[in-house]
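For reference, the structure discussed in these notes is given below.
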Amino acid sequence: MSLRARGATVRRGTFTLVADFETPLAGVTVVFGPSGAGKSMLLATLAGLNRLESGDLALDDRVIEDAMARTRTPPHLRDIGVVFQDARLFPHLSVRGNMDYAVKRAPADRAGPGLEETARQLEIGDLLDRRVRNLSGGERSRVALARTLLSRPSLLLLDEPFAALDGRRRRAFLALLARVNAETGLPMIVVTHQIDDAAELADHVLAMRDGRIVAMGAASEAMSRPEFLSLLDTRDLGARIAARDISGGDTLARGVWVRADAVMAAAERPHGLSARNVWEGRVASVVREDDGARVLWIATRAGEIPARITQAAFEELGLTAGKPAWAVVKTHAL
Amino acid sequence: MVHFDEWQVLTTSLTVAGRAILFGLPLAILAAWALSRPVLPGKSILDAIVHLPLVLPPVLVGFVLLLLLGRRGAVGMWLEQTFGVQLAFTANGAALATGVMSFPLMVRSIRLSFEQADRRLFEAAAVLRAGPWDRFWSLALPLAGPGVLAGAVTAFAAGLGEFGAVITFASNIPGVTQTLPMAIYSALQLPDGESEALRLAMWSLGAAVIGLAAAEALHRWSRRRLEA
């Protein structure tokens, strides 16, 4: 599958979204960017909930909206499922009623696990007869995901589905998404402003700022580009490391975001260390920050890894561009 | 001492108001749904027409009905010749006049519950493959359900007391179109009728209080239901 937007423009007040991209839809595509970048608006537009002012949208070769030709497939015929940030469960129905709403309207010829099976997989089997107003945030998210899966869309959009979840539940939900994607092969587009979630889930990335796409491509490549890194807070500066390059990494995660603050730089091969992740390489570049701290970009076989070190450490180690260097990260810092 | 058959007056009132609501309700739901749409061509005109009975003198509404639907009215003549149906000075006519008068009350209450329903839920339903009609039946109506009932009950209670339009269009015929307020009026026209009028007034008051209490309870249920 592939998704194409050509000059797709939506205006809301003073904010304008202009989406211009083409991306393959396989695995998980993450839409990343700071708050107010227009990520949710892009998702709603793909689902048909916003009207294009100009431009067009196409899924594979099927044009789903074309402002010029005044054609648009209404949301209920787009075959695109959405899990909203605020779950949007129907208050007059029970959990089972909400899920059944999707089952009744799903195309009959699409195979997949039924209501009970889906509830079991998402660990909401005990909630089926509850009223939705009595659910916790995490439970709502899972019911909303179950409901959307049961409508059997051919593309699944998720708008910050973990926003309401705390640490452990968030990890569980991320793992759940990765598992659903692995088991069903259902392509997903996930909106998030958390860099860790993006690195963990993304096969492909669409990075946004101020209503525009500023970087896109395979996660392994796009997330190291300057336009992508420019979206991050200083504290979030880092690099995506593919799961296969990490010792003791989560098998379902695609990668991990390693922050420059969590990386130690060594001028000699370290020994007698507890850290499991040591990458050998060379200093590719050194960036001086306002307070004198340096960010060393160490080119390794796992990619360029930044290490933020103090001015004193920098002067003592003498790690200038071209020198051999080792990047060290504790597994638990990943 | 005159005597009114109180039971007959009460049943006439209940059936007239009941029929008015029963037949008016589907139309009121339709009008309320249309008026709750953010964009609708001719919305302000529809809004004005719906609210007209609220601001016109009831006698005038009855008179307009008489002009249109009376035996010599344009529509009335056609109805009688084609279907043999006569509305003026009948119980059906009383129900029609009551329905027209209580229509704006019903529409206002129902429209409010449609407007209170969370728009975002409709987006969620749409991406679960529910088309516009499906969304109306599966979401808008069930969510507004208690509000619709509350509107119907309020209109019913108000309909029990409808006077001007009914007496003009359907007259004051004991056992046919004589409802509570008309019986009270008739009683007051007679010497020594005051105690009778008072008794009828008690019935009227009782029915109104029960109706209002029921409407209030439904409104509260409606609000609870719309809170997710």
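For the structure tokens, the naming scheme is as follows: chains receive sequential letters (A, B, ...) according to their order of presentation, residues are indexed from 1 within each chain, and ligands are indexed from 1 in presentation order.
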
Would you mind listing, as a PyMOL selection string, all residues of chain A that have at least one atom within 9 Å of chain B, where only C-alpha atoms are what counts? chain A and resi 47-49+74-84+87-92+101-102+105-106+132-134+147-148+151+153

Take the residues from that selection and write them out as a PDB file, in the first residue's frame, keeping N, CA and C atoms.
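again.pdb written:
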```pdb
ATOM      1  N   ALA A  47      -8.578  10.625   7.176  1.00  0.00           N
ATOM      2  CA  ALA A  47      -9.787   9.848   7.470  1.00  0.00           C
ATOM      3  C   ALA A  47     -11.027  10.466   6.831  1.00  0.00           C
ATOM      4  N   GLY A  48     -10.903  11.678   6.300  1.00  0.00           N
ATOM      5  CA  GLY A  48     -12.045  12.311   5.639  1.00  0.00           C
ATOM      6  C   GLY A  48     -12.844  13.196   6.567  1.00  0.00           C
ATOM      7  N   LEU A  49     -12.288  13.553   7.730  1.00  0.00           N
ATOM      8  CA  LEU A  49     -13.035  14.352   8.697  1.00  0.00           C
ATOM      9  C   LEU A  49     -12.812  15.848   8.488  1.00  0.00           C
ATOM     10  N   PRO A  74     -16.588   9.788   1.335  1.00  0.00           N
ATOM     11  CA  PRO A  74     -16.908  10.149   2.715  1.00  0.00           C
ATOM     12  C   PRO A  74     -16.225   9.195   3.694  1.00  0.00           C
ATOM     13  N   PRO A  75     -16.036   9.638   4.953  1.00  0.00           N
ATOM     14  CA  PRO A  75     -15.248   8.847   5.905  1.00  0.00           C
ATOM     15  C   PRO A  75     -15.731   7.401   6.058  1.00  0.00           C
ATOM     16  N   HIS A  76     -17.059   7.192   5.998  1.00  0.00           N
ATOM     17  CA  HIS A  76     -17.530   5.836   6.260  1.00  0.00           C
ATOM     18  C   HIS A  76     -17.254   4.886   5.106  1.00  0.00           C
ATOM     19  N   LEU A  77     -16.806   5.415   3.968  1.00  0.00           N
ATOM     20  CA  LEU A  77     -16.503   4.543   2.830  1.00  0.00           C
ATOM     21  C   LEU A  77     -15.004   4.471   2.534  1.00  0.00           C
ATOM     22  N   ARG A  78     -14.188   5.112   3.403  1.00  0.00           N
ATOM     23  CA  ARG A  78     -12.758   5.168   3.090  1.00  0.00           C
ATOM     24  C   ARG A  78     -12.003   3.910   3.485  1.00  0.00           C
ATOM     25  N   ASP A  79     -12.631   3.089   4.312  1.00  0.00           N
ATOM     26  CA  ASP A  79     -11.965   1.858   4.727  1.00  0.00           C
ATOM     27  C   ASP A  79     -10.737   2.168   5.594  1.00  0.00           C
ATOM     28  N   ILE A  80     -10.795   3.306   6.287  1.00  0.00           N
ATOM     29  CA  ILE A  80      -9.699   3.723   7.161  1.00  0.00           C
ATOM     30  C   ILE A  80     -10.235   3.784   8.592  1.00  0.00           C
ATOM     31  N   GLY A  81      -9.615   3.068   9.500  1.00  0.00           N
ATOM     32  CA  GLY A  81     -10.040   3.086  10.895  1.00  0.00           C
ATOM     33  C   GLY A  81      -9.226   4.096  11.684  1.00  0.00           C
ATOM     34  N   VAL A  82      -9.851   4.715  12.699  1.00  0.00           N
ATOM     35  CA  VAL A  82      -9.142   5.706  13.508  1.00  0.00           C
ATOM     36  C   VAL A  82      -9.316   5.390  14.996  1.00  0.00           C
ATOM     37  N   VAL A  83      -8.200   5.385  15.721  1.00  0.00           N
ATOM     38  CA  VAL A  83      -8.271   5.336  17.181  1.00  0.00           C
ATOM     39  C   VAL A  83      -7.920   6.737  17.666  1.00  0.00           C
ATOM     40  N   PHE A  84      -8.906   7.422  18.253  1.00  0.00           N
ATOM     41  CA  PHE A  84      -8.708   8.811  18.645  1.00  0.00           C
ATOM     42  C   PHE A  84      -8.002   8.902  19.992  1.00  0.00           C
ATOM     43  N   ALA A  87     -10.349   8.458  22.787  1.00  0.00           N
ATOM     44  CA  ALA A  87     -11.092   7.191  22.704  1.00  0.00           C
ATOM     45  C   ALA A  87     -12.467   7.301  22.021  1.00  0.00           C
ATOM     46  N   ARG A  88     -13.255   8.302  22.413  1.00  0.00           N
ATOM     47  CA  ARG A  88     -14.571   8.529  21.794  1.00  0.00           C
ATOM     48  C   ARG A  88     -15.461   7.292  21.831  1.00  0.00           C
ATOM     49  N   LEU A  89     -15.540   6.675  22.982  1.00  0.00           N
ATOM     50  CA  LEU A  89     -16.455   5.545  23.137  1.00  0.00           C
ATOM     51  C   LEU A  89     -17.871   6.088  23.230  1.00  0.00           C
ATOM     52  N   PHE A  90     -18.844   5.302  22.764  1.00  0.00           N
ATOM     53  CA  PHE A  90     -20.234   5.754  22.787  1.00  0.00           C
ATOM     54  C   PHE A  90     -20.794   5.593  24.196  1.00  0.00           C
ATOM     55  N   PRO A  91     -21.212   6.702  24.829  1.00  0.00           N
ATOM     56  CA  PRO A  91     -21.587   6.643  26.252  1.00  0.00           C
ATOM     57  C   PRO A  91     -22.864   5.856  26.515  1.00  0.00           C
ATOM     58  N   HIS A  92     -23.716   5.684  25.499  1.00  0.00           N
ATOM     59  CA  HIS A  92     -24.979   4.992  25.757  1.00  0.00           C
ATOM     60  C   HIS A  92     -24.851   3.488  25.571  1.00  0.00           C
ATOM     61  N   TYR A 101     -20.811  -2.528  17.778  1.00  0.00           N
ATOM     62  CA  TYR A 101     -21.132  -1.480  16.803  1.00  0.00           C
ATOM     63  C   TYR A 101     -20.220  -1.620  15.586  1.00  0.00           C
ATOM     64  N   ALA A 102     -18.935  -1.902  15.865  1.00  0.00           N
ATOM     65  CA  ALA A 102     -17.972  -2.067  14.777  1.00  0.00           C
ATOM     66  C   ALA A 102     -18.193  -3.389  14.049  1.00  0.00           C
ATOM     67  N   ARG A 105     -20.878  -3.462  11.401  1.00  0.00           N
ATOM     68  CA  ARG A 105     -20.658  -2.658  10.197  1.00  0.00           C
ATOM     69  C   ARG A 105     -19.413  -3.070   9.423  1.00  0.00           C
ATOM     70  N   ALA A 106     -18.710  -4.085   9.915  1.00  0.00           N
ATOM     71  CA  ALA A 106     -17.496  -4.528   9.224  1.00  0.00           C
ATOM     72  C   ALA A 106     -17.868  -5.311   7.973  1.00  0.00           C
ATOM     73  N   VAL A 132     -19.131   2.437  29.771  1.00  0.00           N
ATOM     74  CA  VAL A 132     -17.846   3.028  29.417  1.00  0.00           C
ATOM     75  C   VAL A 132     -17.432   4.153  30.363  1.00  0.00           C
ATOM     76  N   ARG A 133     -18.401   4.769  31.052  1.00  0.00           N
ATOM     77  CA  ARG A 133     -18.001   5.880  31.917  1.00  0.00           C
ATOM     78  C   ARG A 133     -17.235   5.394  33.140  1.00  0.00           C
ATOM     79  N   ASN A 134     -17.286   4.081  33.401  1.00  0.00           N
ATOM     80  CA  ASN A 134     -16.569   3.544  34.557  1.00  0.00           C
ATOM     81  C   ASN A 134     -15.195   2.984  34.202  1.00  0.00           C
ATOM     82  N   ARG A 147     -12.300  -1.822  19.290  1.00  0.00           N
ATOM     83  CA  ARG A 147     -13.447  -1.461  18.473  1.00  0.00           C
ATOM     84  C   ARG A 147     -13.010  -1.192  17.030  1.00  0.00           C
ATOM     85  N   THR A 148     -11.905  -0.449  16.892  1.00  0.00           N
ATOM     86  CA  THR A 148     -11.455  -0.116  15.542  1.00  0.00           C
ATOM     87  C   THR A 148     -10.933  -1.354  14.807  1.00  0.00           C
ATOM     88  N   SER A 151     -13.657  -3.349  13.228  1.00  0.00           N
ATOM     89  CA  SER A 151     -14.316  -2.833  12.023  1.00  0.00           C
ATOM     90  C   SER A 151     -13.485  -3.201  10.789  1.00  0.00           C
ATOM     91  N   PRO A 153     -10.526  -2.329   9.198  1.00  0.00           N
ATOM     92  CA  PRO A 153     -10.108  -1.373   8.171  1.00  0.00           C
ATOM     93  C   PRO A 153      -8.887  -1.906   7.432  1.00  0.00           C
TER      94      PRO A 153
END
```

Do you know which residues are at most 8 Å from Glu268 (chain A) counting only C-alpha atoms, after dropping those on the same chain fewer than 4 positions away, and could you put them as number ranges by chain? A: 324-326

Identify all residues of region 248-316 of chain A in helix (DSSP H, G or I) (DSSP on the backbone) and supply them as a count of residues only. 9

For Leu180 (chain B), find every residue with an atom within 7 Å (counting only C-alpha atoms), except residues of its own chain fewer than 5 positions away, and show them as an NGL selection string. :B and (9-10 or 13 or 161 or 200 or 204)

Å distance separating CA of Phe63 (chain B) from CA of Ala31 (chain B), one decimal place: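 Going from CA of Phe63 (chain B) over to CA of Ala31 (chain B), I get 23.8 Å.
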
When DSSP works through the backbone of this structure, what residues of region 45-266 of chain A end up as strand (DSSP E or B), shown as a ChimeraX atom specification? /A:54-59,62-66,71-72,80-83,94,131,155-159,188-192,204-209,212-218,238-242,255-259,264-266

One decimal, Å: what's the distance from CA of Ser171 (chain B) over to CA of Ala215 (chain B), could you say? 29.3 Å

Counting only C-alpha atoms, the residue among B:Ala140, B:Met182, B:Leu188, B:Ala201 that lies closest to Arg37 (chain B) is B:Ala140

Need the shell around region 243-245 of chain A: protein/DNA/RNA residues with any atom at most 7 Å away, counting only C-alpha atoms. Skip same-chain ones fewer than 5 positions apart. Format as an mmCIF file with C-alpha atoms, in the first residue's frame?
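For reference, around_36.cif as written:
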```
data_model
loop_
_atom_site.group_PDB
_atom_site.id
_atom_site.type_symbol
_atom_site.label_atom_id
_atom_site.label_comp_id
_atom_site.auth_asym_id
_atom_site.auth_seq_id
_atom_site.Cartn_x
_atom_site.Cartn_y
_atom_site.Cartn_z
ATOM 1 C CA ALA A 253 10.563 -2.683 19.091
ATOM 2 C CA ARG A 254 12.035 -1.438 15.827
ATOM 3 C CA GLY A 255 14.554 0.738 17.514
ATOM 4 C CA VAL A 256 15.468 2.805 20.504
ATOM 5 C CA ALA A 302 25.078 1.333 14.524
#
```
